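Enquirer: Structure in C-alpha cells, see below.
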Amino acid sequence: MGRKLFLELENCIGCRSCLAACTQCGGHDQRNRNYVLDVNPFVNRQTMPLMCLHCVNPACARSCPAQAIQIHETGAVLSALVEKCIGCQNCTISCPYGIPKFDVEQNLMYKCDLCIDRTKDDIPPMCASVCPSNTLQWLTEEEIAEKQQQHEMENGKWVTSMPYLESETNVKINLPGILQGKEKLF
Amino acid sequence: MQEVRETPVAKKYNLDGAFASHFAKSMFLTVSGLFILSLIGTRMFTHIDLNLYGYMVGTLVFLGGFFYRFIAWGERPPAKLILKKGIKLLGRRSTPKTSVEHLATYKFIWNRGIFRWTQHFLIGWGCILSCLVTFPLVFGWMYFTMEENGYYTVVALGMDIMKVDAEGWIAYLFYNALNITAFMVIAGVCMALYRRLKNMQARAEQTFMYDFMPLYLLLFISITGLLLTFSNVFLHGFGQPTMSLIHQFSVIVTLIYLPFGKLAHIPFRPMSVFARNYREHYSEQSMKECRVCQSEFVSTEQSKDVIDVLGQNHLQFEKEEGFHLAELCPPCRRKYRISRFSGIPTHEIKVKEANQNAKG
C-alpha cells in the first residue's frame with residue numbers, strides 16, 4: 001500500500017495514451033482530465049504530461065466556498081462533490097498548475113481524482129497503467145526514494161520536485177535531466 | 001508586551017450589541033419569528049394541533065444545528081466573500097430565472113443525465129412538498145375547519161383561504177399529499193440506491209455514513225409514514241399510535257442530522273445562485289486579461305478575490321516574473337509549469353495547446 005504516482009518527464013513520447021486512458025476511468029464520463037503539452041513546439045517534438053499533482057495543501061480546496069473539494073485518506077485531492085459544487089470556478093483560478101476543468105452545462109468542476117476507485121485499492125491510475133514509455137509510474141515510497149537518490153548529482157543540478165513546484169505534492173516528479181544539459185544513461 | 005485591545009463600545013440601538021454571538025442572534029430572531037407566525041396562524045393559539053408538538057421540538061433542535069453548522073462554515077474566507085457579494089447582487093434581473101433553473105427544475109442535473117435528474121427530482125420535490133405540508137400544520141400556519149357539513153374551510157395564517165368539498169378531488173389531494181410525496185421519495189431513493197450499487201465511481205467514493213445514511217433515513221420516514229395510512233385504511237387504525245411515534249422519531253432524527261451530512265446541501269444550494277450572479281455581474285464590469293497571452297478569462301473582481309483568499313490561507317503564488325499565478329489563464333498556467341520543468345519559456349511561445357481532448 002501507499003504507492004504514489006511518479007513522473008519521469010523526459011520519457012514522454014507524446015502518444016497521449018494517458019489522455020485516452022483517463023476517459024475510460026469509472027465516472028470520468030468519457031472526458032480526460034489530464035494534459036500533454038509541447039515543450040518547445042517550433043523546435044522539437046518533446047512533450048511532457050501534466051496532471052493534478054495532488055498538493056498536500058491544495059489551493060483549489062482552500063479557495064472553494066462550498067467545501068466541495070475533499071481530500072481522500074490516500075492524499076488524493078478529489079473532484080468536486082456534485083451536490084456541493086456551486087459552479088463559482090474559484091478552483092480553476094486558484095490552481096497553480098491550471099488543472100481543474102469546468103463544465104458550464106452541468107455547472108460542475110471536474111478534475112483528476114487519481115482514479116480513486118483504483119488507487120484506493122493500490123491499483124495504478126489509468127494513465128500510469130497504460131503509459132508505454134514509463135513516464136507515469138506507480139511506485140512505493142522506497143522506489144521513489146531510490147529513483148531520486150540515483151538522480152541526485154553532486155553539483156545539485158538534477159533536482160527533484162520541490163523548487164519547481166509551488167508546494168509539497170503527493171505526486172512526485174523527476175525533472176528532465178536531458179533538458180538541463182545532463183545525459184541520462186539507460 | 002500585552003496586546004492593547006479596543007474595548008467594544010456598546011452602541012445605542014445596535015441590534016448586534018444585544019446578543020452574545022451571531023448564533024444567539026440568529027436563533028433568537030428565528031424562534032421569535034416562528035412564535036409570532038404561530039400566534040397569528042393559530043388565531044392566538046386557539047387552533048393548535050398538540051399531537052404534533054414533537055415535530056416542533058425537533059425543528060427547534062434542527063435550527064440549533066443548522067445555525068451552528070452554517071455560521072461556522074460562513075466564516076471561511078471564500079464562503080464569506082461569496083455570501084457577502086451574493087446577497088448584494090440578489091437584485092439582478094436574471095435572479096428569478098437562475099433560481100428556477102438551479103433550485104426548482106434542476107436543469108444542470110438534467111445535463112448530467114436523465115436518470116440522475118429523475119431521481120433527484122423525485123427525492124427533491126418529494127421532500128420539499130412534504131415540508132410544505134408538514135411544517136405549516138406543525139406550527140398551525142394552516143389548518144382545516146368544517147362549519148357546514150361536507151365542506152372544509154382551509155385556514156392559512158388565520159385567514160379563510162378556500163372552501164373545499166370534503167369528497168372532492170382537491171380535498172383528496174390534500175388528504176393524500178404526504179402519501180403521494182412518500183411514493184415520490186421512495187421511488188427516487190430506490191433509483192439512487194440502484195445507482196450506488198451499480199456505478200463504479202459511486203462505489204469507489206461512497207461511504208455508509210455520508211452517502212447511504214441519508215437515503216435510508218428518507219426511506220425510514222417515507223415507509224413509516226405510509227404505514228400510518230395503511231393502518232388507517234386497512235387495519236382500522238391498529239398500531240397507529242405506536243407507528244405515529246416511530247414516524248415522529250424518524251423525522252426528528254433526520255431533522256437533527258440534516259445540517260451535518262449530505263442533506264446539508266438542501267439549505268446550502270441557493271449559494272449556486274449567488275455564485276452565478278457573482279460571475280455574471282463582475283464579468284459585465286470588467287474582465288481580467290491573462291498576464292501572458294492577454295486573453296480575457298475571468299472577471300477582474302474574481303481574480304482579485306481568489307488572490308486575497310489564497311493570501312489568507314498563506315498560499316503565495318507570486319512569481320519572479322512579476323505576476324501572481326492566478327493572473328494567468330489556465331492554459332498559460334499549465335505552459336508556465338512546463339517551462340519551470342524544462343527551462344524553456346514554453347508559456348511565451350504563441351502556440352495553442354494541441355490534441356488535449358481524447359475521444360473516449
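Convention: chains lettered A, B, ... in C-alpha cells order; per-chain residue numbering from 1; ligands numbered from 1 as shown.
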Fewer than 4 positions away in the same chain doesn't count, so skip those; otherwise give me all residues within 6 Å of segment 63-78 of chain A, counting only C-alpha atoms, as a PyMOL selection string.
Expert: (chain A and resi 54+84-85+113) or (chain B and resi 78-79)
Enquirer: Create the file for the chosen residues now, containing C-alpha atoms and written as an mmCIF file, in the first residue's frame.
Expert:
data_model
loop_
_atom_site.group_PDB
_atom_site.id
_atom_site.type_symbol
_atom_site.label_atom_id
_atom_site.label_comp_id
_atom_site.auth_asym_id
_atom_site.auth_seq_id
_atom_site.Cartn_x
_atom_site.Cartn_y
_atom_site.Cartn_z
ATOM 1 C CA HIS A 54 -2.395 16.403 -5.569
ATOM 2 C CA LYS A 84 -21.823 20.783 -3.162
ATOM 3 C CA CYS A 85 -20.145 22.387 -6.193
ATOM 4 C CA ASP A 113 -9.039 12.312 -8.842
ATOM 5 C CA PRO B 78 -14.047 32.149 0.339
ATOM 6 C CA ALA B 79 -17.516 31.431 1.718
#
Enquirer: When you get a sec, could you note down which chain A residues fall within 7 Å of chain B, using only C-alpha atoms, as JSON, numbers by chain?
Expert: {"A": [19, 20, 23, 24, 26, 27, 30, 31, 32, 35, 36, 37, 39, 40, 59, 63, 64, 65, 66, 83, 84, 86, 87, 88, 90, 93, 94, 96, 97, 98, 105, 106, 107, 116, 117, 164, 175, 176, 179]}
Enquirer: For the selection just defined, write its residues with N, CA, C and O atoms to a file, as a short mmCIF file (atom, residue, chain, number, x, y, z; two decimals), in the first residue's frame.
Expert:
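The result, stored in part.cif:
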data_model
loop_
_atom_site.label_atom_id
_atom_site.label_comp_id
_atom_site.auth_asym_id
_atom_site.auth_seq_id
_atom_site.Cartn_x
_atom_site.Cartn_y
_atom_site.Cartn_z
N LEU A 19 -4.15 10.35 -21.94
CA LEU A 19 -5.40 11.09 -22.10
C LEU A 19 -6.52 10.12 -22.45
O LEU A 19 -7.63 10.21 -21.89
N ALA A 20 -6.24 9.20 -23.37
CA ALA A 20 -7.27 8.26 -23.79
C ALA A 20 -7.67 7.37 -22.62
O ALA A 20 -8.85 7.09 -22.41
N THR A 23 -10.08 8.93 -20.09
CA THR A 23 -11.50 8.99 -20.45
C THR A 23 -12.22 7.71 -20.03
O THR A 23 -13.44 7.72 -19.87
N GLN A 24 -11.47 6.62 -19.87
CA GLN A 24 -12.09 5.33 -19.60
C GLN A 24 -12.26 5.04 -18.11
O GLN A 24 -12.81 4.01 -17.75
N GLY A 26 -13.72 4.95 -14.47
CA GLY A 26 -15.10 4.98 -13.98
C GLY A 26 -15.47 6.36 -13.49
O GLY A 26 -14.75 6.94 -12.68
N GLY A 27 -16.58 6.91 -13.99
CA GLY A 27 -17.03 8.21 -13.51
C GLY A 27 -16.42 9.39 -14.23
O GLY A 27 -16.82 10.52 -14.02
N GLN A 30 -16.12 9.74 -20.05
CA GLN A 30 -15.52 9.82 -21.39
C GLN A 30 -14.77 11.13 -21.64
O GLN A 30 -14.55 11.51 -22.78
N ARG A 31 -14.42 11.82 -20.56
CA ARG A 31 -13.66 13.06 -20.77
C ARG A 31 -12.36 12.99 -20.00
O ARG A 31 -12.35 12.61 -18.83
N ASN A 32 -11.25 13.35 -20.68
CA ASN A 32 -9.97 13.25 -19.98
C ASN A 32 -9.75 14.46 -19.09
O ASN A 32 -10.26 15.55 -19.35
N TYR A 35 -3.35 16.44 -19.18
CA TYR A 35 -2.85 17.22 -20.31
C TYR A 35 -1.50 16.66 -20.77
O TYR A 35 -0.74 16.12 -19.97
N VAL A 36 -1.22 16.80 -22.08
CA VAL A 36 0.12 16.54 -22.59
C VAL A 36 0.51 17.78 -23.38
O VAL A 36 -0.21 18.19 -24.30
N LEU A 37 1.61 18.41 -22.99
CA LEU A 37 1.95 19.70 -23.59
C LEU A 37 3.26 19.64 -24.36
O LEU A 37 4.21 18.95 -23.96
N VAL A 39 6.72 21.10 -25.36
CA VAL A 39 7.65 21.91 -24.59
C VAL A 39 8.17 23.08 -25.42
O VAL A 39 8.17 24.23 -24.98
N ASN A 40 8.58 22.79 -26.64
CA ASN A 40 9.16 23.83 -27.48
C ASN A 40 8.72 23.56 -28.92
O ASN A 40 9.51 23.14 -29.74
N ALA A 59 -4.61 24.44 -3.13
CA ALA A 59 -5.18 25.78 -3.29
C ALA A 59 -6.63 25.71 -3.74
O ALA A 59 -7.45 26.53 -3.34
N SER A 63 -9.74 27.51 -1.74
CA SER A 63 -10.49 28.64 -2.29
C SER A 63 -11.93 28.27 -2.59
O SER A 63 -12.68 29.09 -3.10
N CYS A 64 -12.30 27.04 -2.28
CA CYS A 64 -13.67 26.60 -2.60
C CYS A 64 -14.63 27.08 -1.52
O CYS A 64 -14.49 26.72 -0.35
N PRO A 65 -15.64 27.91 -1.88
CA PRO A 65 -16.55 28.40 -0.86
C PRO A 65 -17.47 27.31 -0.33
O PRO A 65 -18.07 27.46 0.73
N ALA A 66 -17.60 26.21 -1.06
CA ALA A 66 -18.60 25.20 -0.70
C ALA A 66 -17.99 23.98 -0.03
O ALA A 66 -18.71 23.05 0.29
N GLU A 83 -22.95 17.39 -5.27
CA GLU A 83 -24.05 18.08 -4.61
C GLU A 83 -23.60 19.39 -3.98
O GLU A 83 -24.41 20.24 -3.66
N LYS A 84 -22.29 19.57 -3.82
CA LYS A 84 -21.82 20.78 -3.16
C LYS A 84 -21.32 21.84 -4.13
O LYS A 84 -21.39 23.02 -3.84
N ILE A 86 -20.90 24.69 -6.44
CA ILE A 86 -21.87 25.72 -6.81
C ILE A 86 -21.47 26.42 -8.10
O ILE A 86 -22.12 27.36 -8.52
N GLY A 87 -20.40 25.97 -8.71
CA GLY A 87 -20.05 26.49 -10.02
C GLY A 87 -19.44 27.88 -10.01
O GLY A 87 -19.62 28.63 -10.96
N CYS A 88 -18.70 28.25 -8.97
CA CYS A 88 -18.12 29.59 -8.93
C CYS A 88 -16.79 29.63 -9.68
O CYS A 88 -16.31 30.70 -10.04
N ASN A 90 -13.81 29.21 -8.63
CA ASN A 90 -12.65 29.69 -7.89
C ASN A 90 -11.46 28.73 -8.05
O ASN A 90 -10.32 29.15 -8.14
N ILE A 93 -9.29 29.14 -11.02
CA ILE A 93 -8.45 30.34 -10.97
C ILE A 93 -7.29 30.14 -9.99
O ILE A 93 -6.19 30.63 -10.20
N SER A 94 -7.56 29.40 -8.90
CA SER A 94 -6.54 29.34 -7.86
C SER A 94 -5.50 28.26 -8.09
O SER A 94 -4.39 28.36 -7.59
N PRO A 96 -2.44 26.42 -9.00
CA PRO A 96 -1.19 26.96 -9.55
C PRO A 96 -0.75 26.24 -10.82
O PRO A 96 0.15 26.70 -11.51
N TYR A 97 -1.37 25.10 -11.13
CA TYR A 97 -0.99 24.35 -12.31
C TYR A 97 -2.06 24.38 -13.40
O TYR A 97 -1.90 23.76 -14.44
N GLY A 98 -3.18 25.05 -13.14
CA GLY A 98 -4.22 25.18 -14.17
C GLY A 98 -4.92 23.89 -14.52
O GLY A 98 -5.23 23.64 -15.68
N GLU A 105 -22.45 23.49 -18.76
CA GLU A 105 -23.79 22.90 -18.86
C GLU A 105 -24.20 22.23 -17.54
O GLU A 105 -25.30 22.38 -17.07
N GLN A 106 -23.25 21.47 -16.97
CA GLN A 106 -23.56 20.74 -15.74
C GLN A 106 -23.31 21.57 -14.50
O GLN A 106 -23.56 21.11 -13.39
N ASN A 107 -22.76 22.78 -14.69
CA ASN A 107 -22.43 23.67 -13.58
C ASN A 107 -21.57 22.94 -12.56
O ASN A 107 -21.85 22.95 -11.36
N ILE A 116 -9.54 7.38 -8.13
CA ILE A 116 -9.62 6.95 -6.74
C ILE A 116 -10.25 5.58 -6.59
O ILE A 116 -9.92 4.82 -5.67
N ASP A 117 -11.12 5.19 -7.55
CA ASP A 117 -11.71 3.86 -7.46
C ASP A 117 -10.64 2.78 -7.62
O ASP A 117 -10.81 1.66 -7.16
N TYR A 164 10.63 23.38 -8.20
CA TYR A 164 9.93 23.64 -9.45
C TYR A 164 8.42 23.56 -9.31
O TYR A 164 7.67 23.73 -10.24
N LEU A 175 12.67 15.85 -12.55
CA LEU A 175 12.85 16.83 -13.61
C LEU A 175 13.71 16.25 -14.72
O LEU A 175 14.58 15.44 -14.48
N PRO A 176 13.44 16.66 -15.93
CA PRO A 176 14.16 16.10 -17.08
C PRO A 176 15.62 16.56 -17.10
O PRO A 176 15.91 17.72 -17.33
N LEU A 179 17.11 17.97 -20.51
CA LEU A 179 16.84 19.36 -20.84
C LEU A 179 17.68 20.30 -20.00
O LEU A 179 17.79 21.48 -20.29
#
Enquirer: Mind checking DSSP for segment 15-68 of chain A and telling me the strand (DSSP E or B) residues as a list in words?
Expert: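 Put together, the selection reads Tyr35, Val36, Leu37, Asp38, Thr47, Met48, Pro49, Leu50 and Cys55 of chain A.
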Enquirer: Show which residues sit within 6 Å of Thr135 of chain A, as a tab-separated table (two decimals) with C-alpha atoms, in the first residue's frame. Count only C-alpha atoms, and ignore same-chain residues fewer than 3 positions away.
Expert:
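The result, written out as part-v9.tsv:
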chain	number	residue	atom	x	y	z
A	7	LEU	CA	6.55	11.30	-13.32
A	8	GLU	CA	9.75	10.96	-15.27
A	9	LEU	CA	9.07	13.85	-17.55
A	11	ASN	CA	10.43	9.87	-21.11
A	12	CYS	CA	7.25	11.30	-22.62
Enquirer: Just give me the gap between atom CA of Lys163 of chain B and atom CA of Tyr151 of chain B in Å, one decimal is fine.
Expert: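 Those two atoms sit 6.2 Å apart.
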Enquirer: Return the single residue from A:Leu108, A:Phe42, A:Ile173, A:Glu168 that is closest to Gln137 of chain A, with distances computed using only C-alpha atoms.
Expert: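 Closest residue, counting only C-alpha atoms: A:Ile173.
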Enquirer: So what do you get for atom CA of Leu245 of chain B versus atom CA of Val138 of chain B, distance-wise?
Expert: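 Between these atoms lies a distance of 14.9 Å.
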Enquirer: Just how far from atom CA of Thr153 of chain B is atom CA of Val251 of chain B, in Å to one decimal?
Expert: 27.9 Å
Enquirer: Which of these residues is nearest to Met243 of chain B, using only C-alpha atoms: B:Ile256, B:Ile221, B:Leu137, B:Cys131?
Expert: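 Between B:Ile256, B:Ile221, B:Leu137, B:Cys131, the residue approaching Met243 of chain B most closely is B:Ile221.
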Enquirer: Can you list every residue in segment 117-308 of chain B that DSSP puts in alpha helix (DSSP H), as a ChimeraX atom specification?
Expert: /B:117-138,169-198,200-205,213-234,240-257,265-268,271-285,300-308
Enquirer: Create the file for the chosen residues now, containing C-alpha atoms and written as a CSV table (one decimal), in the first residue's frame.
Expert:
chain,number,residue,atom,x,y,z
B,117,TRP,CA,-32.3,14.1,-12.9
B,118,THR,CA,-35.4,11.9,-12.4
B,119,GLN,CA,-34.0,10.5,-9.2
B,120,HIS,CA,-33.1,13.9,-7.9
B,121,PHE,CA,-36.4,15.5,-9.0
B,122,LEU,CA,-38.4,12.8,-7.2
B,123,ILE,CA,-36.5,13.0,-3.9
B,124,GLY,CA,-36.1,16.8,-4.0
B,125,TRP,CA,-39.7,17.7,-4.8
B,126,GLY,CA,-41.0,14.8,-2.6
B,127,CYS,CA,-39.1,16.3,0.4
B,128,ILE,CA,-40.0,20.0,-0.4
B,129,LEU,CA,-43.7,19.2,-0.8
B,130,SER,CA,-43.7,17.2,2.3
B,131,CYS,CA,-42.1,20.0,4.3
B,132,LEU,CA,-44.6,22.5,2.8
B,133,VAL,CA,-47.4,20.3,4.1
B,134,THR,CA,-45.9,19.2,7.4
B,135,PHE,CA,-44.5,22.4,8.9
B,136,PRO,CA,-47.5,24.7,8.3
B,137,LEU,CA,-49.5,22.0,10.1
B,138,VAL,CA,-47.0,21.7,12.9
B,169,TRP,CA,-60.7,15.8,-5.7
B,170,ILE,CA,-58.9,18.8,-4.2
B,171,ALA,CA,-59.6,17.5,-0.8
B,172,TYR,CA,-58.5,14.1,-1.9
B,173,LEU,CA,-55.1,15.6,-2.9
B,174,PHE,CA,-54.9,17.4,0.5
B,175,TYR,CA,-55.6,14.2,2.4
B,176,ASN,CA,-53.1,12.2,0.4
B,177,ALA,CA,-50.4,14.8,-0.2
B,178,LEU,CA,-48.0,13.1,2.1
B,179,ASN,CA,-48.8,9.7,0.7
B,180,ILE,CA,-48.0,10.9,-2.8
B,181,THR,CA,-44.8,12.6,-1.8
B,182,ALA,CA,-43.8,9.4,0.1
B,183,PHE,CA,-44.2,7.4,-3.1
B,184,MET,CA,-42.1,10.0,-4.9
B,185,VAL,CA,-39.3,9.8,-2.3
B,186,ILE,CA,-39.4,6.0,-2.2
B,187,ALA,CA,-39.1,5.8,-6.0
B,188,GLY,CA,-36.3,8.4,-6.0
B,189,VAL,CA,-34.4,6.7,-3.2
B,190,CYS,CA,-34.6,3.3,-4.9
B,191,MET,CA,-33.2,4.8,-8.0
B,192,ALA,CA,-30.4,6.4,-6.0
B,193,LEU,CA,-29.6,3.2,-4.2
B,194,TYR,CA,-29.6,1.3,-7.5
B,195,ARG,CA,-27.1,3.8,-8.9
B,196,ARG,CA,-24.9,3.5,-5.8
B,197,LEU,CA,-24.8,-0.3,-6.2
B,198,LYS,CA,-24.0,-0.2,-9.9
B,200,MET,CA,-18.3,2.2,-10.3
B,201,GLN,CA,-17.3,5.8,-9.4
B,202,ALA,CA,-20.0,6.0,-6.8
B,203,ARG,CA,-19.0,2.6,-5.4
B,204,ALA,CA,-15.4,3.8,-5.0
B,205,GLU,CA,-16.1,7.1,-3.3
B,213,MET,CA,-27.4,7.1,5.8
B,214,PRO,CA,-29.5,10.0,4.3
B,215,LEU,CA,-31.1,7.7,1.8
B,216,TYR,CA,-32.0,5.1,4.5
B,217,LEU,CA,-33.4,7.9,6.7
B,218,LEU,CA,-35.6,9.2,3.9
B,219,LEU,CA,-36.8,5.7,3.3
B,220,PHE,CA,-37.4,5.2,7.0
B,221,ILE,CA,-39.6,8.4,7.1
B,222,SER,CA,-41.5,7.5,3.9
B,223,ILE,CA,-42.2,3.9,4.8
B,224,THR,CA,-43.3,4.6,8.4
B,225,GLY,CA,-45.5,7.5,7.1
B,226,LEU,CA,-47.1,5.2,4.5
B,227,LEU,CA,-47.7,2.6,7.2
B,228,LEU,CA,-49.8,5.1,9.1
B,229,THR,CA,-52.1,5.4,6.1
B,230,PHE,CA,-52.0,1.6,5.7
B,231,SER,CA,-53.0,1.0,9.3
B,232,ASN,CA,-55.9,3.6,9.0
B,233,VAL,CA,-57.2,2.2,5.7
B,234,PHE,CA,-56.8,-1.5,6.1
B,240,GLN,CA,-51.5,3.6,14.7
B,241,PRO,CA,-50.3,5.3,17.9
B,242,THR,CA,-47.1,3.3,18.1
B,243,MET,CA,-46.4,3.8,14.4
B,244,SER,CA,-47.0,7.6,14.7
B,245,LEU,CA,-44.4,7.7,17.4
B,246,ILE,CA,-41.9,5.8,15.3
B,247,HIS,CA,-42.7,8.1,12.3
B,248,GLN,CA,-42.2,11.1,14.5
B,249,PHE,CA,-38.9,9.7,15.8
B,250,SER,CA,-37.7,9.1,12.2
B,251,VAL,CA,-38.5,12.7,11.2
B,252,ILE,CA,-36.8,14.3,14.2
B,253,VAL,CA,-33.7,12.2,13.8
B,254,THR,CA,-33.4,13.2,10.2
B,255,LEU,CA,-34.0,16.9,11.1
B,256,ILE,CA,-31.3,16.9,13.6
B,257,TYR,CA,-28.9,15.1,11.2
B,265,HIS,CA,-26.8,20.7,0.5
B,266,ILE,CA,-30.6,21.4,0.6
B,267,PRO,CA,-30.3,24.7,2.7
B,268,PHE,CA,-26.9,25.4,1.1
B,271,MET,CA,-25.4,29.6,-2.9
B,272,SER,CA,-25.2,28.5,-6.5
B,273,VAL,CA,-27.5,31.4,-7.5
B,274,PHE,CA,-25.1,33.7,-5.6
B,275,ALA,CA,-22.2,32.2,-7.5
B,276,ARG,CA,-23.9,32.6,-10.9
B,277,ASN,CA,-24.8,36.2,-10.1
B,278,TYR,CA,-21.3,37.0,-8.9
B,279,ARG,CA,-19.8,35.7,-12.0
B,280,GLU,CA,-22.2,37.4,-14.4
B,281,HIS,CA,-22.2,40.7,-12.6
B,282,TYR,CA,-18.5,41.1,-12.3
B,283,SER,CA,-17.9,39.8,-15.9
B,284,GLU,CA,-20.0,42.7,-17.1
B,285,GLN,CA,-18.0,45.1,-15.1
B,300,THR,CA,-11.2,41.2,-12.5
B,301,GLU,CA,-13.1,41.1,-9.3
B,302,GLN,CA,-12.9,37.3,-9.0
B,303,SER,CA,-9.2,37.2,-9.8
B,304,LYS,CA,-8.6,39.7,-7.1
B,305,ASP,CA,-10.9,37.8,-4.6
B,306,VAL,CA,-9.1,34.5,-5.3
B,307,ILE,CA,-5.7,36.1,-4.8
B,308,ASP,CA,-7.0,37.5,-1.5
Enquirer: Identify, on the basis of only C-alpha atoms, every residue whose closest approach to Gly150 of chain B does not exceed 9 Å; exclude the query and any residue fewer than 3 positions from it along the same chain; express the result as a PDB file with N, CA and C atoms, in the first residue's frame.
Expert:
ATOM      1  N   MET B 146     -64.508  22.652   9.704  1.00  0.00           N
ATOM      2  CA  MET B 146     -65.719  22.301   8.960  1.00  0.00           C
ATOM      3  C   MET B 146     -66.902  22.929   9.670  1.00  0.00           C
ATOM      4  N   GLU B 147     -67.478  23.987   9.061  1.00  0.00           N
ATOM      5  CA  GLU B 147     -68.628  24.642   9.672  1.00  0.00           C
ATOM      6  C   GLU B 147     -69.914  24.039   9.135  1.00  0.00           C
ATOM      7  N   VAL B 164     -63.452  23.727   0.450  1.00  0.00           N
ATOM      8  CA  VAL B 164     -63.355  22.597  -0.482  1.00  0.00           C
ATOM      9  C   VAL B 164     -64.363  21.521  -0.100  1.00  0.00           C
ATOM     10  N   ASP B 165     -64.881  20.890  -1.134  1.00  0.00           N
ATOM     11  CA  ASP B 165     -65.806  19.773  -0.960  1.00  0.00           C
ATOM     12  C   ASP B 165     -65.041  18.618  -0.307  1.00  0.00           C
ATOM     13  N   ALA B 166     -65.544  18.143   0.827  1.00  0.00           N
ATOM     14  CA  ALA B 166     -64.829  17.105   1.574  1.00  0.00           C
ATOM     15  C   ALA B 166     -64.672  15.822   0.765  1.00  0.00           C
ATOM     16  N   GLU B 167     -65.557  15.635  -0.236  1.00  0.00           N
ATOM     17  CA  GLU B 167     -65.466  14.432  -1.071  1.00  0.00           C
ATOM     18  C   GLU B 167     -64.773  14.728  -2.400  1.00  0.00           C
TER      19      GLU B 167
END
